[in-house]
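Trainee: input35.txt is the file, holding compact mmCIF, C-alpha atoms and all ligand atoms:
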# COMPACT_ATOMS: atom_id res chain seq x y z
CA MET A 1 87.67 -19.75 54.13
CA HIS A 2 90.99 -18.78 52.63
CA SER A 3 93.08 -16.09 54.13
CA GLY A 4 96.54 -14.78 53.40
CA ILE A 5 97.34 -14.92 57.12
CA VAL A 6 96.36 -18.53 57.71
CA SER A 7 98.54 -20.87 55.65
CA PRO A 8 96.67 -23.54 53.69
CA LYS A 9 96.88 -27.17 54.78
CA GLY A 10 99.22 -29.67 53.16
CA VAL A 11 101.41 -29.34 50.06
CA TRP A 12 99.02 -27.01 48.23
CA TRP A 13 101.11 -26.65 45.07
CA LEU A 14 101.03 -30.35 44.27
CA PRO A 15 99.85 -31.73 41.96
CA ALA A 16 99.63 -29.04 39.24
CA GLY A 17 96.04 -28.61 38.14
CA LYS A 18 94.78 -29.23 34.62
CA GLN A 19 94.55 -25.54 33.78
CA GLU A 20 98.01 -24.82 35.06
CA LYS A 21 99.49 -27.63 32.97
CA LEU A 22 97.64 -26.37 29.92
CA TRP A 23 98.91 -22.79 30.28
CA VAL A 24 102.48 -23.86 30.94
CA THR A 25 102.32 -26.02 27.79
CA ILE A 26 100.92 -23.17 25.68
CA ALA A 27 103.53 -20.73 27.00
CA PHE A 28 106.32 -23.21 26.32
CA ILE A 29 105.17 -23.84 22.73
CA TRP A 30 104.92 -20.08 22.16
CA CYS A 31 108.49 -19.68 23.44
CA LEU A 32 109.64 -22.20 20.84
CA VAL A 33 107.72 -20.39 18.09
CA LEU A 34 109.33 -17.05 19.01
CA PHE A 35 112.73 -18.68 19.21
CA ALA A 36 112.30 -20.16 15.71
CA MET A 37 111.17 -16.77 14.37
CA MET A 38 114.55 -15.19 15.09
CA PRO A 39 116.58 -17.19 12.53
CA LEU A 40 113.58 -17.48 10.21
CA TRP A 41 113.05 -13.73 10.07
CA HIS A 42 116.73 -13.21 9.47
CA LEU A 43 116.88 -15.73 6.60
CA LYS A 44 113.42 -15.32 5.02
CA GLY A 45 112.04 -12.04 6.31
CA GLY A 46 113.61 -9.81 3.65
CA GLN A 47 114.38 -7.29 6.36
CA ASN A 48 118.14 -7.29 6.25
CA PRO A 49 120.01 -4.44 4.61
CA THR A 50 121.98 -5.43 1.55
CA GLY A 51 124.93 -3.41 2.66
CA GLU A 52 128.62 -3.96 2.95
CA ARG A 53 130.62 -2.18 5.57
CA ALA A 54 134.18 -1.03 5.50
CA THR A 55 136.24 1.35 7.54
CA VAL A 56 137.23 4.61 5.90
CA THR A 57 138.92 7.78 7.10
CA LYS A 58 136.99 11.03 6.95
CA GLU A 59 139.59 12.48 4.61
CA ALA A 60 139.44 9.54 2.19
CA PHE A 61 135.65 9.57 2.08
CA THR A 62 135.49 13.34 1.55
CA GLU A 63 138.02 13.03 -1.23
CA ARG A 64 135.97 10.24 -2.86
CA VAL A 65 132.76 12.27 -2.63
CA ASN A 66 134.45 15.29 -4.23
CA ARG A 67 135.77 13.17 -7.10
CA PHE A 68 132.27 11.71 -7.55
CA VAL A 69 130.77 15.22 -7.69
CA ASP A 70 133.39 16.46 -10.16
CA GLU A 71 132.82 13.50 -12.44
CA TYR A 72 129.02 13.41 -12.61
CA LYS A 73 127.74 16.88 -11.72
CA VAL A 74 124.77 17.87 -13.91
CA GLY A 75 123.45 20.94 -12.17
CA GLU A 76 123.04 22.95 -9.03
CA ASP A 77 120.30 23.67 -6.53
CA LYS A 78 120.90 26.52 -4.06
CA GLY A 79 124.62 25.98 -4.28
CA PHE A 80 124.39 22.21 -3.86
CA PRO A 81 125.62 20.10 -6.75
CA ILE A 82 123.12 17.75 -8.37
CA VAL A 83 124.92 14.57 -9.35
CA GLU A 84 123.73 11.97 -11.82
CA ALA A 85 125.86 8.86 -12.28
CA PRO A 86 125.05 6.12 -14.82
CA PRO A 87 122.99 3.11 -13.64
CA GLY A 88 125.09 0.49 -11.91
CA SER A 89 127.62 2.94 -10.56
CA HIS A 90 128.71 3.71 -7.04
CA LEU A 91 127.03 6.74 -5.50
CA TYR A 92 128.40 8.73 -2.59
CA MET A 93 126.54 10.75 -0.02
CA LEU A 94 128.17 12.47 2.87
CA GLY A 95 126.56 13.51 6.11
CA ARG A 96 128.02 16.45 8.02
CA MET A 97 126.84 19.24 10.29
CA TRP A 98 124.28 20.05 8.92
CA GLN A 99 123.85 18.89 5.39
CA TRP A 100 123.64 15.88 3.12
CA TYR A 101 126.07 16.29 0.26
CA PRO A 102 125.48 16.17 -2.71
CA ILE A 103 121.96 15.93 -4.21
CA LEU A 104 121.57 12.64 -6.07
CA LYS A 105 119.64 12.08 -9.26
CA LEU A 106 118.69 8.46 -9.97
CA LYS A 107 116.81 6.50 -12.62
CA GLN A 108 113.79 4.52 -11.55
CA GLY A 109 114.41 0.76 -11.81
CA ALA A 110 118.20 1.08 -12.07
CA THR A 111 120.45 -0.48 -9.45
CA TYR A 112 123.17 1.45 -7.67
CA THR A 113 125.50 1.07 -4.75
CA LEU A 114 124.99 3.95 -2.36
CA HIS A 115 127.88 4.73 -0.04
CA LEU A 116 127.07 6.61 3.14
CA SER A 117 129.42 8.03 5.71
CA SER A 118 129.80 10.95 8.06
CA VAL A 119 132.75 13.25 8.51
CA ASP A 120 131.97 14.50 12.00
CA LEU A 121 129.49 12.64 14.18
CA ASN A 122 126.57 10.25 14.01
CA HIS A 123 123.82 11.21 11.60
CA GLY A 124 120.67 9.33 10.65
CA PHE A 125 119.79 8.78 7.00
CA ASN A 126 116.02 8.83 6.75
CA LEU A 127 114.48 8.82 3.28
CA PHE A 128 111.27 10.80 3.53
CA PRO A 129 108.39 10.03 3.09
CA ILE A 130 109.53 6.45 2.52
CA ASN A 131 110.46 4.56 5.63
CA VAL A 132 114.14 3.89 4.96
CA ASN A 133 116.49 4.40 7.90
CA PHE A 134 120.21 3.95 8.29
CA GLN A 135 122.83 5.07 10.73
CA VAL A 136 125.57 7.15 9.18
CA ILE A 137 128.68 6.75 11.25
CA PRO A 138 132.04 8.49 10.96
CA GLY A 139 134.85 6.12 10.10
CA TYR A 140 132.53 3.65 8.36
CA ASP A 141 131.59 3.41 4.72
CA TYR A 142 128.18 1.78 4.51
CA ALA A 143 127.47 0.64 0.94
CA LEU A 144 123.85 -0.22 0.21
CA LYS A 145 122.55 -1.87 -2.96
CA ILE A 146 119.54 0.18 -3.94
CA THR A 147 116.96 0.01 -6.75
CA PRO A 148 114.54 2.94 -6.59
CA ASN A 149 111.09 1.68 -7.57
CA ILE A 150 109.15 4.95 -7.23
CA ALA A 151 109.86 8.16 -9.12
CA GLY A 152 109.72 11.52 -7.40
CA GLU A 153 111.60 13.90 -5.19
CA PHE A 154 112.57 12.58 -1.80
CA LYS A 155 113.98 14.32 1.20
CA VAL A 156 116.83 12.94 3.24
CA VAL A 157 116.05 13.89 6.80
CA CYS A 158 118.57 13.48 9.59
CA ASN A 159 116.97 11.48 12.36
CA GLU A 160 119.88 11.33 14.77
CA PHE A 161 120.29 14.38 16.97
CA CYS A 162 123.53 16.04 15.82
CA GLY A 163 123.55 19.45 17.41
CA ILE A 164 122.01 22.90 17.09
CA GLY A 165 121.35 22.64 13.34
CA HIS A 166 120.00 19.08 13.39
CA HIS A 167 116.50 20.10 12.26
CA THR A 168 117.92 21.90 9.21
CA MET A 169 119.84 18.88 7.99
CA VAL A 170 117.72 17.99 4.97
CA GLY A 171 119.09 16.61 1.71
CA LYS A 172 117.50 15.51 -1.52
CA ILE A 173 117.31 12.50 -3.82
CA ILE A 174 115.55 12.83 -7.16
CA VAL A 175 114.29 9.72 -8.93
CA GLU A 176 113.38 10.13 -12.57
CA PRO A 177 110.93 7.78 -14.28
CU1 LIG A 201 122.58 15.20 11.34
CU2 LIG A 201 120.88 15.31 12.96
As structure tokens, how would this structure be written, given the file I've shared?

Mentor:
Amino acid sequence: MHSGIVSPKGVWWLPAGKQEKLWVTIAFIWCLVLFAMMPLWHLKGGQNPTGERATVTKEAFTERVNRFVDEYKVGEDKGFPIVEAPPGSHLYMLGRMWQWYPILKLKQGATYTLHLSSVDLNHGFNLFPINVNFQVIPGYDYALKITPNIAGEFKVVCNEFCGIGHHTMVGKIIVEP
């Protein structure tokens, strides 16, 4: 009879049984597989953002966004400028309490470089209903290479809590076929 109170006789942990050896071997091989997945996923997984990062002051970014709006404005929606720049150009979107500025109009299949930054605090760029998520951080210009492959109207929802008006921080991106 085994009991937790009475200690077993002899060196009970030696030698390791067949099952124990088998499970340790399987666990070890699985560790190696997971370890290999880290670099593999990074290199082959297609999960990495295509972005380039640079530091930028809030003033410089705001100024750049305003110039972008002045140059390519094509309309207005509830006081927000709708901006359509030619394919291949640099697009600018600014996050601030509590709006995404301006509204962007894109062409399906065209490639752009989308610059994101914030002028106050952390915001979260979430393209809805598509699952695209990026942090928008003050002081950093995050430039993403994008090629919209679906036409339609998409919402930009802020998914980083940024104060009392967080839930109202909804922008828009229009993709034309
Ligand atoms: Cu911006 Cu939440």

Trainee: Using 6 Å of padding on each side, determine the axis-aligned box around all atoms of region 90-97 of chain A present in the file and give its centre and edge lengths in Å to one decimal, as lines of an AutoDock Vina configuration file.

Mentor:
center_x = 127.6
center_y = 11.5
center_z = 1.6
size_x = 14.2
size_y = 27.5
size_z = 29.3

Trainee: With distances taken over only C-alpha atoms and all ligand atoms, which residue among A:Gly163, A:Pro138, A:Gly171, A:Pro39 lies nearest ligand LIG 201 (chain A)?

Mentor: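 Ranking A:Gly163, A:Pro138, A:Gly171, A:Pro39 by distance to ligand LIG 201 (chain A), first place goes to A:Gly163.
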
Trainee: Using only C-alpha atoms and all ligand atoms, which of the listed residues (A:Thr25, A:Ser118, A:Thr50, A:Thr147) sits closest to ligand LIG 201 (chain A)?

Mentor: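 The shortest atom-to-atom distance to ligand LIG 201 (chain A) comes from A:Ser118.
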
Trainee: Select, from A:His166, A:Asn122, A:Phe154, A:Ile137, the residue with the minimum atom-to-atom distance to Val56 (chain A), counting only C-alpha atoms.

Mentor: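 Using only C-alpha atoms, the shortest distance to Val56 (chain A) belongs to A:Ile137.
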
Trainee: Please extract the residues at most 6 Å from ligand LIG 201 (chain A), counting all atoms listed in the file, and provide them as a ChimeraX atom specification, using the chain letters and residue numbers of this document.

Mentor: /A:97-98,123,158-162,166,169

Trainee: Would you write out those residues with C-alpha atoms, as a PDB file, keeping the file's coordinate frame?

Mentor:
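Writing done, so here's again_22.pdb:
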ATOM      1  CA  MET A  97     126.840  19.240  10.290  1.00  0.00           C
ATOM      2  CA  TRP A  98     124.280  20.050   8.920  1.00  0.00           C
ATOM      3  CA  HIS A 123     123.820  11.210  11.600  1.00  0.00           C
ATOM      4  CA  CYS A 158     118.570  13.480   9.590  1.00  0.00           C
ATOM      5  CA  ASN A 159     116.970  11.480  12.360  1.00  0.00           C
ATOM      6  CA  GLU A 160     119.880  11.330  14.770  1.00  0.00           C
ATOM      7  CA  PHE A 161     120.290  14.380  16.970  1.00  0.00           C
ATOM      8  CA  CYS A 162     123.530  16.040  15.820  1.00  0.00           C
ATOM      9  CA  HIS A 166     120.000  19.080  13.390  1.00  0.00           C
ATOM     10  CA  MET A 169     119.840  18.880   7.990  1.00  0.00           C
TER      11      MET A 169
END

Trainee: Let me make sure I understand: among A:Ile26, A:Leu127, A:Ile82, A:Val119, which one has the smallest atom-to-atom distance to Thr57 (chain A) if we use only C-alpha atoms?

Mentor: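 Selected residue with least distance to Thr57 (chain A): A:Val119.
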
Trainee: Select, counting all atoms listed in the file, all protein, DNA and RNA residues no farther than 12 Å from (135.6, 14.5, 6.5) in file coordinates, and express the selection as a VMD selection string.

Mentor: chain A and resid 56 to 66 93 to 97 101 117 to 121 137 to 141

Trainee: Find the residue from A:Lys107, A:Lys172, A:Lys18, A:His42 that sits nearest to Ile150 (chain A); use all atoms listed in the file when measuring.

Mentor: A:Lys107

Trainee: For CA of Lys73 (chain A) and CA of Pro86 (chain A), quote the distance in Å rounded to one decimal.

Mentor: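 CA of Pro86 (chain A) lies 11.5 Å from CA of Lys73 (chain A).
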
Trainee: From the options A:Gly79, A:Gly51, A:Gly46, A:Gly4, which residue's atoms come nearest to Leu144 (chain A), counting only C-alpha atoms?

Mentor: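 Of A:Gly79, A:Gly51, A:Gly46, A:Gly4, the one nearest Leu144 (chain A), counting only C-alpha atoms, is A:Gly51.
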
Trainee: Separation of CA of Leu106 (chain A) and CA of Lys44 (chain A), in Å?

Mentor: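 Distance between the two atoms: 28.6 Å.
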
Trainee: Kindly give the distance, in Å, that separates CA of Ile146 (chain A) and CA of Gly165 (chain A), rounded to a single decimal.

Mentor: 28.4 Å

Trainee: Pro87 (chain A): which residues within 7 Å, counting only C-alpha atoms, same-chain residues fewer than 3 positions away excluded, as a PyMOL selection string?

Mentor: chain A and resi 110-112
